[in-house]
Amino acid sequence: MKKVWKWTGTVFIVLASLYLLQRLLAPKYAADVVEGALIAEYYSEEKDHDVVFIGDCEVYENFSPAVLWRDYGINSYIRGSAQQLIWQSYYLLEDTLRYEKPDTVIFNVLSMQYNEPQREAYNRMTLEGMRWSSSKAASILASMTEEEHFLDYVFPLLRYHSRWSELGAEDVKYMFHTPRISHNGYYMRVDVKPAENVPEGRILADYRFGDNAWEYLDRMTALCRENDIRLILVKAPSLYPYWYDQWEEQIEDYAAANDLLYINFLELTEETGLDFSTDTYDGGLHLNLSGAEKITEYLGGVLRREAGLADRRDEEGLAGVWEEKLAAYEQEKERQYAELQK
């Protein structure tokens with residue numbers, strides 16, 4: 001019996017040591033490349049959202065759930081991540097449905113341009129934040145480049161064992177807790193860099209979206225229908241990467257064929273009041289706070305009219321949660337403006 005307890009204790013110590021080592025060596029996304037923390041933040045939220053956004057940086061930097069609640073009483077969350085590929089968006093939708101069933105899902109269509117896996121660094125910023133499930137496993141298998149291995153996602157220590165030379169104070173400080181960096185998935189920036197000399201798109205040999213991208217859009221559409229969820233397609237008003245007329249035509253045709261609402265915000269600058277001399281922080285790639293609030297205000301009106309979403313500001317519990325969220329939102333806004341003035 002003593003040998004059994006001794007063996008069990010040894011195994012426990014080894015496993016605990018490996019776990020702690022893995023927590024230490026894994027990237028924390030706390031001070032550098034903070035977008036890598038976005039996906040994981042969803043799981044600590046109350047799951048009662050009317051609207052869930054999925055997609056790449058064109059959702060988490062361009063739409064503000066705080067505005068949807070403040071002005072329309074719509075409870076929303078953004079499940080966005082850097083260069084989120086369409087199959088990753090699909091499996092994030094599957095994952096979301098394990099916890100809740102929103103009335104509306106909004107998908108940004110820029111990722112239709114990618115038909116194959118791209119880069120490991122971006123894969124990990126989406127996949128590592130997901131909780132383990134069959135959806136996460138399927139997303140990993142669909143996303144891996146030729147150089148990647150599934151076991152490196154199961155045991156991240158295998159991938160990060162060489163990070164010793166990169167370790168800093170934040171790796172210890174944030175071993176078990178990463179500070180929240182978003183507001184219901186929205187990543188706030190208030191600084192301004194006007195859009196000037198935006199490059200035209202280069203000529204492509206083939207403007208058709210790939211079969212793999214179409215397959216996952218079909219699967220997303222079918223999954224929403226099976227769950228009685230309204231799917232809305234959007235193209236955020238980012239000036240770059242370039243959005244080709246040929247791409248626009250394909251999305252318009254798909255939306256019409258599948259009875260989906262499609263909103264191209266590039267065509268709505270006058271209606272939304274967007275001004276690319278003041279409403280972008282990086283020359284037109286992404287909107288800053290003022291730009292995000294403008295197009296979100298417009299979107300809220302569309303959701304009220306087209307999706308029939310109710311105003312929930314009279315729900316005491318939810319209103320109390322959002323009172324705290326809006327206070328944090330305004331506090332972060334003031335902090336960033338003050339920092340900008342310095």
# chains A, B, ... in the order shown; residues from 1 in each chain; ligands from 1
call {"tool": "residues_around", "arguments": {"residues": "Leu309 (chain A)", "least_positions_apart": "3", "cutoff": "8 Å", "atoms": "only C-alpha atoms", "output": "list in words"}}
result
Asp50, Ile74, Asp103, Leu303, Arg304 and Arg305 of chain A
call {"tool": "residues_around", "arguments": {"residues": "Asp56 (chain A)", "least_positions_apart": "2", "cutoff": "7 Å", "atoms": "only C-alpha atoms", "output": "number ranges by chain"}}
result
A: 58-60, 80-84
call {"tool": "write_last_selection", "arguments": {"atoms": "N, CA, C and O atoms", "output": "short mmCIF file (atom, residue, chain, number, x, y, z; two decimals), in the first residue's frame"}}
result
data_model
loop_
_atom_site.label_atom_id
_atom_site.label_comp_id
_atom_site.auth_asym_id
_atom_site.auth_seq_id
_atom_site.Cartn_x
_atom_site.Cartn_y
_atom_site.Cartn_z
N GLU A 58 -12.16 42.70 -38.33
CA GLU A 58 -13.18 43.62 -38.83
C GLU A 58 -14.46 43.57 -38.00
O GLU A 58 -15.35 44.39 -38.20
N VAL A 59 -14.56 42.63 -37.07
CA VAL A 59 -15.68 42.70 -36.12
C VAL A 59 -15.21 43.22 -34.76
O VAL A 59 -15.83 44.12 -34.19
N TYR A 60 -14.10 42.71 -34.24
CA TYR A 60 -13.75 43.09 -32.86
C TYR A 60 -13.17 44.49 -32.76
O TYR A 60 -13.04 45.03 -31.65
N GLY A 80 -14.56 37.42 -31.85
CA GLY A 80 -13.63 37.73 -32.93
C GLY A 80 -12.20 37.43 -32.53
O GLY A 80 -11.85 37.37 -31.36
N SER A 81 -11.36 37.27 -33.55
CA SER A 81 -9.93 37.04 -33.33
C SER A 81 -9.18 37.42 -34.59
O SER A 81 -9.76 37.49 -35.67
N ALA A 82 -7.88 37.66 -34.44
CA ALA A 82 -7.07 38.12 -35.57
C ALA A 82 -7.03 37.07 -36.67
O ALA A 82 -6.78 35.88 -36.41
N GLN A 83 -7.27 37.51 -37.91
CA GLN A 83 -7.30 36.65 -39.09
C GLN A 83 -8.07 35.34 -38.83
O GLN A 83 -7.60 34.25 -39.11
N GLN A 84 -9.25 35.50 -38.28
CA GLN A 84 -10.10 34.34 -38.03
C GLN A 84 -10.61 33.79 -39.37
O GLN A 84 -11.29 34.49 -40.11
#
call {"tool": "residues_around", "arguments": {"residues": "Ala137 (chain A)", "least_positions_apart": "6", "cutoff": "10 Å", "atoms": "only C-alpha atoms", "output": "tab-separated table (two decimals) with C-alpha atoms, in the first residue's frame"}}
result
chain	number	residue	atom	x	y	z
A	91	TYR	CA	-16.57	25.99	-35.25
A	127	LEU	CA	-7.73	28.11	-31.14
A	130	MET	CA	-11.33	27.84	-27.04
A	131	ARG	CA	-12.37	25.37	-24.38
A	143	SER	CA	-6.68	25.00	-39.45
A	150	PHE	CA	-2.33	18.25	-33.29
A	153	TYR	CA	-2.42	21.97	-29.22
A	154	VAL	CA	-3.33	19.22	-26.77
call {"tool": "closest_residue", "arguments": {"among": "A:Ala255, A:Val192, A:Ala319, A:Met125", "to": "Thr280 (chain A)", "atoms": "only C-alpha atoms"}}
result
A:Val192
call {"tool": "closest_residue", "arguments": {"among": "A:Ala222, A:Leu289, A:Met112, A:Ala205", "to": "Glu330 (chain A)", "atoms": "only C-alpha atoms"}}
result
A:Leu289
call {"tool": "select_by_dssp", "arguments": {"residues": "region 43-205 of chain A", "states": "alpha helix (DSSP H)", "output": "PyMOL selection string"}}
result
chain A and resi 57-60+65-72+86-96+120-127+134-143+150-154+157-160+169-173
call {"tool": "closest_residue", "arguments": {"among": "A:Val105, A:Ile181, A:Ala142, A:Ile251", "to": "Ile86 (chain A)", "atoms": "only C-alpha atoms"}}
result
A:Ala142
call {"tool": "closest_residue", "arguments": {"among": "A:Asn115, A:Asn227, A:Thr145, A:Thr221", "to": "Pro102 (chain A)", "atoms": "only C-alpha atoms"}}
result
A:Asn227
call {"tool": "closest_residue", "arguments": {"among": "A:Glu35, A:Asp71, A:Glu94, A:Glu120", "to": "Val52 (chain A)", "atoms": "only C-alpha atoms"}}
result
A:Glu94
call {"tool": "select_by_dssp", "arguments": {"residues": "region 136-292 of chain A", "states": "strand (DSSP E)", "output": "list in words"}}
result
Arg230, Leu231, Ile232, Leu233, Val234, Lys235, Leu261, Tyr262, Ile263 and Asn264 of chain A
call {"tool": "write_last_selection", "arguments": {"atoms": "C-alpha atoms", "output": "short mmCIF file (atom, residue, chain, number, x, y, z; two decimals), in the first residue's frame"}}
result
data_model
loop_
_atom_site.label_atom_id
_atom_site.label_comp_id
_atom_site.auth_asym_id
_atom_site.auth_seq_id
_atom_site.Cartn_x
_atom_site.Cartn_y
_atom_site.Cartn_z
CA ARG A 230 -31.06 34.69 -38.21
CA LEU A 231 -27.72 34.90 -40.01
CA ILE A 232 -26.65 38.36 -41.20
CA LEU A 233 -23.61 38.85 -43.43
CA VAL A 234 -21.64 42.09 -43.16
CA LYS A 235 -18.60 43.68 -44.75
CA LEU A 261 -29.51 40.06 -45.15
CA TYR A 262 -26.15 41.41 -46.33
CA ILE A 263 -24.84 44.82 -45.24
CA ASN A 264 -21.78 46.30 -46.93
#
call {"tool": "closest_residue", "arguments": {"among": "A:Tyr242, A:Tyr298, A:Tyr281, A:Tyr77", "to": "Phe265 (chain A)", "atoms": "only C-alpha atoms"}}
result
A:Tyr298
call {"tool": "residues_around", "arguments": {"residues": "Arg79 (chain A)", "least_positions_apart": "6", "cutoff": "12 Å", "atoms": "only C-alpha atoms", "output": "number ranges by chain"}}
result
A: 35-43, 45, 49, 51-61, 63, 65, 88-96, 105-108, 126-127, 129-130, 182-187
call {"tool": "decode", "arguments": {"residues": "region 329-342 of chain A", "atoms": "all heavy atoms", "output": "short mmCIF file (atom, residue, chain, number, x, y, z; two decimals), in the first residue's frame"}}
result
data_model
loop_
_atom_site.label_atom_id
_atom_site.label_comp_id
_atom_site.auth_asym_id
_atom_site.auth_seq_id
_atom_site.Cartn_x
_atom_site.Cartn_y
_atom_site.Cartn_z
N TYR A 329 -16.59 50.75 -19.68
CA TYR A 329 -16.41 51.24 -21.06
C TYR A 329 -16.06 52.72 -21.06
O TYR A 329 -15.10 53.16 -21.72
CB TYR A 329 -17.70 50.97 -21.81
CG TYR A 329 -17.75 51.34 -23.27
CD1 TYR A 329 -17.21 50.49 -24.25
CD2 TYR A 329 -18.39 52.50 -23.70
CE1 TYR A 329 -17.30 50.80 -25.60
CE2 TYR A 329 -18.48 52.82 -25.04
CZ TYR A 329 -17.94 51.96 -25.99
OH TYR A 329 -18.04 52.28 -27.32
N GLU A 330 -16.82 53.52 -20.31
CA GLU A 330 -16.57 54.95 -20.24
C GLU A 330 -15.24 55.26 -19.53
O GLU A 330 -14.52 56.18 -19.91
CB GLU A 330 -17.72 55.66 -19.52
CG GLU A 330 -19.03 55.63 -20.27
CD GLU A 330 -18.95 56.33 -21.62
OE1 GLU A 330 -18.21 57.34 -21.72
OE2 GLU A 330 -19.62 55.87 -22.57
N GLN A 331 -14.93 54.46 -18.53
CA GLN A 331 -13.67 54.65 -17.81
C GLN A 331 -12.48 54.39 -18.74
O GLN A 331 -11.50 55.14 -18.74
CB GLN A 331 -13.61 53.73 -16.60
CG GLN A 331 -12.37 53.92 -15.74
CD GLN A 331 -12.38 53.00 -14.52
OE1 GLN A 331 -13.17 52.07 -14.43
NE2 GLN A 331 -11.49 53.27 -13.59
N GLU A 332 -12.57 53.32 -19.54
CA GLU A 332 -11.49 53.01 -20.48
C GLU A 332 -11.38 54.08 -21.55
O GLU A 332 -10.29 54.47 -21.96
CB GLU A 332 -11.74 51.64 -21.12
CG GLU A 332 -10.74 51.24 -22.22
CD GLU A 332 -9.33 51.04 -21.71
OE1 GLU A 332 -9.13 51.00 -20.48
OE2 GLU A 332 -8.42 50.92 -22.55
N LYS A 333 -12.52 54.60 -21.98
CA LYS A 333 -12.53 55.67 -22.97
C LYS A 333 -11.80 56.90 -22.42
O LYS A 333 -10.94 57.50 -23.08
CB LYS A 333 -13.97 56.03 -23.34
CG LYS A 333 -14.12 57.06 -24.45
CD LYS A 333 -15.54 57.54 -24.59
CE LYS A 333 -16.53 56.42 -24.86
NZ LYS A 333 -17.90 56.96 -25.15
N GLU A 334 -12.13 57.28 -21.21
CA GLU A 334 -11.50 58.45 -20.58
C GLU A 334 -10.00 58.23 -20.40
O GLU A 334 -9.19 59.14 -20.61
CB GLU A 334 -12.16 58.75 -19.24
CG GLU A 334 -13.60 59.25 -19.35
CD GLU A 334 -14.25 59.44 -18.00
OE1 GLU A 334 -13.53 59.32 -16.97
OE2 GLU A 334 -15.47 59.71 -17.95
N ARG A 335 -9.64 57.01 -20.00
CA ARG A 335 -8.21 56.71 -19.79
C ARG A 335 -7.43 56.85 -21.10
O ARG A 335 -6.34 57.44 -21.13
CB ARG A 335 -8.05 55.30 -19.23
CG ARG A 335 -6.61 54.94 -18.88
CD ARG A 335 -6.43 53.45 -18.67
NE ARG A 335 -6.58 52.70 -19.90
CZ ARG A 335 -5.63 52.60 -20.83
NH1 ARG A 335 -4.47 53.22 -20.68
NH2 ARG A 335 -5.83 51.88 -21.92
N GLN A 336 -8.00 56.30 -22.18
CA GLN A 336 -7.28 56.37 -23.44
C GLN A 336 -7.19 57.79 -23.98
O GLN A 336 -6.16 58.19 -24.52
CB GLN A 336 -7.95 55.44 -24.47
CG GLN A 336 -7.73 53.97 -24.20
CD GLN A 336 -8.01 53.10 -25.42
OE1 GLN A 336 -7.87 53.52 -26.55
NE2 GLN A 336 -8.40 51.86 -25.18
N TYR A 337 -8.26 58.57 -23.84
CA TYR A 337 -8.22 59.96 -24.30
C TYR A 337 -7.21 60.77 -23.49
O TYR A 337 -6.48 61.61 -24.04
CB TYR A 337 -9.61 60.60 -24.21
CG TYR A 337 -10.50 60.29 -25.40
CD1 TYR A 337 -11.77 59.73 -25.20
CD2 TYR A 337 -10.07 60.56 -26.69
CE1 TYR A 337 -12.59 59.44 -26.29
CE2 TYR A 337 -10.89 60.27 -27.78
CZ TYR A 337 -12.15 59.71 -27.58
OH TYR A 337 -12.93 59.42 -28.65
N ALA A 338 -7.16 60.53 -22.20
CA ALA A 338 -6.20 61.23 -21.35
C ALA A 338 -4.77 60.87 -21.75
O ALA A 338 -3.88 61.73 -21.82
CB ALA A 338 -6.44 60.91 -19.88
N GLU A 339 -4.55 59.60 -22.01
CA GLU A 339 -3.22 59.14 -22.43
C GLU A 339 -2.85 59.75 -23.78
O GLU A 339 -1.70 60.12 -24.02
CB GLU A 339 -3.21 57.62 -22.50
CG GLU A 339 -1.87 57.01 -22.79
CD GLU A 339 -1.89 55.50 -22.74
OE1 GLU A 339 -2.04 54.95 -21.63
OE2 GLU A 339 -1.82 54.87 -23.82
N LEU A 340 -3.85 59.87 -24.65
CA LEU A 340 -3.61 60.43 -25.98
C LEU A 340 -3.21 61.90 -25.87
O LEU A 340 -2.33 62.39 -26.59
CB LEU A 340 -4.87 60.29 -26.84
CG LEU A 340 -4.75 60.58 -28.33
CD1 LEU A 340 -3.78 59.63 -28.99
CD2 LEU A 340 -6.11 60.48 -28.99
N GLN A 341 -3.84 62.63 -24.96
CA GLN A 341 -3.52 64.05 -24.78
C GLN A 341 -2.11 64.28 -24.27
O GLN A 341 -1.48 65.27 -24.59
CB GLN A 341 -4.53 64.68 -23.82
CG GLN A 341 -5.92 64.86 -24.41
CD GLN A 341 -6.89 65.47 -23.44
OE1 GLN A 341 -6.60 65.59 -22.25
NE2 GLN A 341 -8.07 65.86 -23.92
N LYS A 342 -1.60 63.31 -23.50
CA LYS A 342 -0.23 63.43 -23.00
C LYS A 342 0.78 63.34 -24.13
O LYS A 342 1.90 63.83 -24.02
CB LYS A 342 0.05 62.34 -21.97
CG LYS A 342 -0.70 62.51 -20.67
CD LYS A 342 -0.35 61.40 -19.69
CE LYS A 342 -1.11 61.51 -18.40
NZ LYS A 342 -0.78 60.41 -17.44
#
